[in-house]
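Report on the structure given below.
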Amino acid sequence: MPPTKDYYRILGVSEKAELPEIKRAYRKLAKKYHPDAHPNDAAAAERFKEVSEAHAVLTDPGKRKQYDLMRKYGAFARTGARREPGPGPGGGRTAAEDFDFTKGFEGFGGLGDLFSSIFGRRRADEAAAIEVAVSVPLRVAVLGGQVAIAIPVSEACPTCGGTGAAPGAKVTICPECHGKGEVVFGQGAFAVRRPCPNCRARGKVASETCPRCGGQGEVAIERRVMVSIPLGVETGHRLRLKGQGQRGGAGTVGDVIVTITVEPDRFLRREGDDLVCTVPINLAQAVLGSRIRVRTVEDKRVVLRIPAGTQPGRKFRIRGHGVAKDGKRGDQLVEIQVQMPDTMTPKQVEQFKKFADEAGLKY
């Protein structure tokens, strides 16, 4: 039979009740049926659970909307789906066909699992994608390369071979599904099949569960793979590795979604398609001019000419040493920082004053 819980009836409110009324009704009933007030009372505990479940759904706008849709389209009727008028012997299509019960219940917790399993296709055989985060150095993000990642997956337990049974345990036909590996919920238009929860779709149960996997038939491992990082990726870039994830039923293998974070570099920073660095020079180099060696992202040293009279903050461009994008490559910008001497001897001060006077500099 389909579920017949009516959360509005459980809380004693109408389907048009506003949020404050729902909360007041919940507080009153929760206090009445709280386990602390009824120790060892299974009926009161079940009632408290129903009240809490109803409150969780009806006070969440998204969950309540989905729940109301289910009520509207007859999900709680014992006689199956209602039919809308239409041509043909069947009187048209069922109203429930307008709503996909397999979607929209991710936030319902256990209730969402119940709705999904009863009203929708469980899709237990489909392997879900695994999401993995990886940090890469700026050099790899700019130039591309390969990094190793660890993918958390499950594989058949080596102790029980995936059966979930302890070595030497007696294995019998599952009494719930009678060896079919699936059970049927509902009736009529709502009769759907789902994997048997008692035997985990195996069709058999063991007298003693495997000590290593606890009867799950699977153990968690980490599989290490090398991932190719394309040129010019930025933080937040996502890569999909087809067929590298978890194995599901019917021979399916899920994908792996890799989200990239680019690590800060101590020398270079990215600005669009350019790389920027700050290079300090002394006062003499700025005044008289000089040649300096600058490191690039390829870890090369490029000689850069600093002309006499270079001002602090001036930027010089090293072409073709930036980020590659659309077949082109940005530049590296070198920002000059002039460092002043911390201390000067009396003689140096006098000499500098003489220079300033001759140059007409005010001080």
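Scheme for the structure tokens: letters A, B, ... for chains in order shown; per-chain residue numbers from 1; ligand numbers from 1 in order shown.
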
Write out, as JSON lines, each residue of segment 138-240 of chain A that has an atom at most 9 Å from segment 129-134 of chain A, together with the closest pair of atoms and their distance in Å to one decimal, counting only C-alpha atoms, rows going by chain and rising number.
{"residue": "A:Val147", "atom": "CA", "partner": "A:Val134", "partner_atom": "CA", "distance": 8.5}
{"residue": "A:Ala148", "atom": "CA", "partner": "A:Val134", "partner_atom": "CA", "distance": 8.7}
{"residue": "A:Ile149", "atom": "CA", "partner": "A:Val134", "partner_atom": "CA", "distance": 6.9}
{"residue": "A:Ala150", "atom": "CA", "partner": "A:Val132", "partner_atom": "CA", "distance": 8.0}
{"residue": "A:Ile151", "atom": "CA", "partner": "A:Val132", "partner_atom": "CA", "distance": 7.0}
{"residue": "A:Pro152", "atom": "CA", "partner": "A:Ile130", "partner_atom": "CA", "distance": 7.9}
{"residue": "A:Val153", "atom": "CA", "partner": "A:Ile130", "partner_atom": "CA", "distance": 8.4}

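Contact shell of segment 231-246 of chain A at 7 Å (only C-alpha atoms; same-chain neighbours under 5 positions omitted): Ala127, Ala129, Ile130, Ala141, Val142, Leu143, Gly144, Val153, Ser154, Val253, Gly254, Asp255, Val256, Ile257, Val258, Thr259, Ile260, Thr261, Val262, Val323, Ala324 and Lys325 of chain A.
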
Output C-alpha atoms of each residue in that selection to a file, as a PDB file, in the first residue's frame.
ATOM      1  CA  ALA A 127      26.709   4.635 -10.304  1.00  0.00           C
ATOM      2  CA  ALA A 129      29.591  10.598  -9.785  1.00  0.00           C
ATOM      3  CA  ILE A 130      32.306  11.130  -7.178  1.00  0.00           C
ATOM      4  CA  ALA A 141      47.860  25.580 -13.833  1.00  0.00           C
ATOM      5  CA  VAL A 142      49.613  27.794 -16.399  1.00  0.00           C
ATOM      6  CA  LEU A 143      51.649  25.228 -18.293  1.00  0.00           C
ATOM      7  CA  GLY A 144      49.524  22.117 -17.771  1.00  0.00           C
ATOM      8  CA  VAL A 153      35.502   4.065  -4.041  1.00  0.00           C
ATOM      9  CA  SER A 154      34.067   0.798  -2.810  1.00  0.00           C
ATOM     10  CA  VAL A 253      30.824   2.840 -13.826  1.00  0.00           C
ATOM     11  CA  GLY A 254      30.365   6.391 -12.577  1.00  0.00           C
ATOM     12  CA  ASP A 255      32.435   9.447 -13.399  1.00  0.00           C
ATOM     13  CA  VAL A 256      34.768  11.502 -11.219  1.00  0.00           C
ATOM     14  CA  ILE A 257      34.369  15.286 -11.034  1.00  0.00           C
ATOM     15  CA  VAL A 258      37.665  16.996 -10.171  1.00  0.00           C
ATOM     16  CA  THR A 259      37.482  20.577  -8.881  1.00  0.00           C
ATOM     17  CA  ILE A 260      40.748  22.481  -9.157  1.00  0.00           C
ATOM     18  CA  THR A 261      42.179  25.015  -6.727  1.00  0.00           C
ATOM     19  CA  VAL A 262      45.274  26.920  -7.857  1.00  0.00           C
ATOM     20  CA  VAL A 323      48.987  32.222 -19.507  1.00  0.00           C
ATOM     21  CA  ALA A 324      48.133  30.347 -22.698  1.00  0.00           C
ATOM     22  CA  LYS A 325      44.525  30.773 -23.863  1.00  0.00           C
TER      23      LYS A 325
END

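Atom to atom, atom CA of Ile292 of chain A and atom CA of Pro307 of chain A stand 10.9 Å apart.
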
Query raised in the report: Could you pull out all residues of segment 194-356 of chain A with a DSSP call of strand (DSSP E or B) and give them as a count of residues only?
Result: 72

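Within the 10 Å cut-off around Gly214 of chain A, using only C-alpha atoms and omitting residues fewer than 5 positions from it on the same chain, the listed residues are A:Cys157, A:Gly164, A:Ala165, A:Ala166, A:Glu208, A:Thr209, A:Val219.
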
Can I get the selection written as an mmCIF file, in the first residue's frame, with N, CA and C atoms?
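Writing the result to result17.cif gives the following:
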data_model
loop_
_atom_site.group_PDB
_atom_site.id
_atom_site.type_symbol
_atom_site.label_atom_id
_atom_site.label_comp_id
_atom_site.auth_asym_id
_atom_site.auth_seq_id
_atom_site.Cartn_x
_atom_site.Cartn_y
_atom_site.Cartn_z
ATOM 1 N N CYS A 157 34.280 -6.903 -1.059
ATOM 2 C CA CYS A 157 35.067 -7.292 0.118
ATOM 3 C C CYS A 157 35.885 -8.538 -0.201
ATOM 4 N N GLY A 164 28.713 -10.693 1.665
ATOM 5 C CA GLY A 164 28.314 -10.171 2.964
ATOM 6 C C GLY A 164 28.248 -11.216 4.051
ATOM 7 N N ALA A 165 28.557 -12.460 3.703
ATOM 8 C CA ALA A 165 28.468 -13.556 4.669
ATOM 9 C C ALA A 165 29.834 -13.866 5.263
ATOM 10 N N ALA A 166 29.834 -14.184 6.538
ATOM 11 C CA ALA A 166 31.077 -14.571 7.195
ATOM 12 C C ALA A 166 31.523 -15.934 6.656
ATOM 13 N N GLU A 208 25.425 -15.303 9.595
ATOM 14 C CA GLU A 208 26.418 -14.470 10.278
ATOM 15 C C GLU A 208 27.070 -13.556 9.239
ATOM 16 N N THR A 209 27.138 -12.271 9.551
ATOM 17 C CA THR A 209 27.671 -11.307 8.587
ATOM 18 C C THR A 209 29.191 -11.295 8.590
ATOM 19 N N VAL A 219 34.043 -2.867 0.686
ATOM 20 C CA VAL A 219 34.945 -2.130 1.574
ATOM 21 C C VAL A 219 35.413 -0.869 0.857
#

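With atom CA of Gly179 of chain A on one side and atom CA of Pro195 of chain A on the other, the separation reads 11.4 Å.
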
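Each of A:Pro175, A:Gly168, A:Gly289, A:Gln146 was checked against Val225 of chain A using only C-alpha atoms; the smallest atom-to-atom distance is that of A:Gln146.
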
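Neighbouring residues of Thr159 of chain A at 8 Å or closer, counting only C-alpha atoms and skipping chain neighbours under 5 positions away, are Ala166, Pro167, Cys210 and Arg212 of chain A.
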
Would you output that residue set with N, CA and C atoms, as a compact mmCIF listing (two decimals), in the first residue's frame?
# COMPACT_ATOMS: atom_id res chain seq x y z
N ALA A 166 29.83 -14.18 6.54
CA ALA A 166 31.08 -14.57 7.19
C ALA A 166 31.52 -15.93 6.66
N PRO A 167 32.82 -16.19 6.66
CA PRO A 167 33.31 -17.51 6.20
C PRO A 167 32.65 -18.63 7.00
N CYS A 210 29.75 -10.88 7.49
CA CYS A 210 31.21 -10.82 7.34
C CYS A 210 31.81 -9.84 8.34
N ARG A 212 34.60 -8.29 8.28
CA ARG A 212 35.37 -7.19 7.70
C ARG A 212 34.46 -6.09 7.14

**Report entry** Who sits within 12 Å of Asp60 of chain A, only C-alpha atoms, same chain under 3 positions skipped, as a VMD selection string
**Finding:** chain A and resid 18 to 19 22 to 23 53 to 57 63 to 68 105 107 to 108

Same residues, C-alpha atoms, output as a PDB file, in the first residue's frame:
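Ended up saving to result_16.pdb:
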ATOM      1  CA  GLU A  18       0.379  29.517   8.096  1.00  0.00           C
ATOM      2  CA  LEU A  19       3.824  28.821   9.530  1.00  0.00           C
ATOM      3  CA  ILE A  22       2.017  24.931  12.310  1.00  0.00           C
ATOM      4  CA  LYS A  23       4.784  25.672  14.798  1.00  0.00           C
ATOM      5  CA  GLU A  53       8.420  14.360  10.720  1.00  0.00           C
ATOM      6  CA  ALA A  54       5.346  16.422   9.886  1.00  0.00           C
ATOM      7  CA  HIS A  55       6.925  19.544  11.385  1.00  0.00           C
ATOM      8  CA  ALA A  56      10.149  19.048   9.396  1.00  0.00           C
ATOM      9  CA  VAL A  57       8.246  18.885   6.105  1.00  0.00           C
ATOM     10  CA  LYS A  63       9.558  20.328   1.083  1.00  0.00           C
ATOM     11  CA  ARG A  64       6.012  21.487   1.764  1.00  0.00           C
ATOM     12  CA  LYS A  65       5.509  22.422  -1.894  1.00  0.00           C
ATOM     13  CA  GLN A  66       6.606  18.982  -3.037  1.00  0.00           C
ATOM     14  CA  TYR A  67       4.468  17.306  -0.381  1.00  0.00           C
ATOM     15  CA  ASP A  68       1.406  19.318  -1.418  1.00  0.00           C
ATOM     16  CA  PHE A 105      13.226  15.087  -2.326  1.00  0.00           C
ATOM     17  CA  GLY A 107      16.570  17.272   1.402  1.00  0.00           C
ATOM     18  CA  PHE A 108      13.924  15.085   3.021  1.00  0.00           C
TER      19      PHE A 108
END

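Taking the backbone of this structure through DSSP, the residues of segment 132-247 of chain A that come out as helix (DSSP H, G or I) are Leu138, Arg139, Val140, Ala141, Val142, Leu143, Gly188, Ala189 and Phe190 of chain A.
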
Would you save the residues of that selection, restricted to C-alpha atoms, as a compact mmCIF listing (two decimals), in the first residue's frame?
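Everything below was put into part-v7.txt:
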# COMPACT_ATOMS: atom_id res chain seq x y z
CA LEU A 138 50.48 27.93 -10.36
CA ARG A 139 53.13 26.55 -12.70
CA VAL A 140 51.00 23.46 -13.44
CA ALA A 141 47.86 25.58 -13.83
CA VAL A 142 49.61 27.79 -16.40
CA LEU A 143 51.65 25.23 -18.29
CA GLY A 188 -2.22 -0.19 -9.27
CA ALA A 189 -0.58 2.85 -10.85
CA PHE A 190 1.74 3.15 -7.84

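Using only C-alpha atoms, the residues found no farther than 6 Å from segment 311-315 of chain A, other than those of its own chain fewer than 6 positions away, are Val334, Glu335, Ile336, Gln337 and Val338 of chain A.
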
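Contact shell of Gly322 of chain A at 10 Å (only C-alpha atoms; same-chain neighbours under 6 positions omitted): A:Val142, A:Leu143, A:Gly232, A:Arg270, A:Glu271, A:Gly272, A:Asp273, A:Asp274, A:Leu275, A:Val276, A:Thr296, A:Val297, A:Glu298, A:Lys328, A:Arg329, A:Gly330, A:Asp331, A:Gln332, A:Leu333.
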
What would the file look like if the residues just selected were written as a compact mmCIF listing (two decimals), in the first residue's frame with C-alpha atoms?
# COMPACT_ATOMS: atom_id res chain seq x y z
CA VAL A 142 49.61 27.79 -16.40
CA LEU A 143 51.65 25.23 -18.29
CA GLY A 232 45.52 27.91 -18.20
CA ARG A 270 47.79 35.90 -12.13
CA GLU A 271 45.92 38.88 -13.57
CA GLY A 272 43.80 37.70 -16.48
CA ASP A 273 46.13 36.13 -19.03
CA ASP A 274 49.17 37.91 -17.61
CA LEU A 275 51.46 36.93 -14.77
CA VAL A 276 52.69 39.70 -12.49
CA THR A 296 59.55 33.17 -15.31
CA VAL A 297 56.84 30.58 -14.75
CA GLU A 298 58.90 28.09 -16.76
CA LYS A 328 47.62 32.82 -27.61
CA ARG A 329 49.75 33.48 -24.60
CA GLY A 330 49.80 36.40 -22.20
CA ASP A 331 52.86 38.24 -20.90
CA GLN A 332 54.74 38.55 -17.66
CA LEU A 333 54.67 41.98 -16.06

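Comparing A:Glu263, A:Glu155, A:Glu182, A:Glu176 by their smallest distance to Glu222 of chain A, the closest is A:Glu155 (using only C-alpha atoms).
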
Query raised in the report: In Å to one decimal, how far is atom CA of Gln285 of chain A from atom CA of Lys347 of chain A?
Result: 20.6 Å

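Closest approach to Leu69 of chain A from the set A:Tyr363, A:Thr343, A:Pro137, A:Glu15 is made by A:Glu15, with distances taken over only C-alpha atoms.
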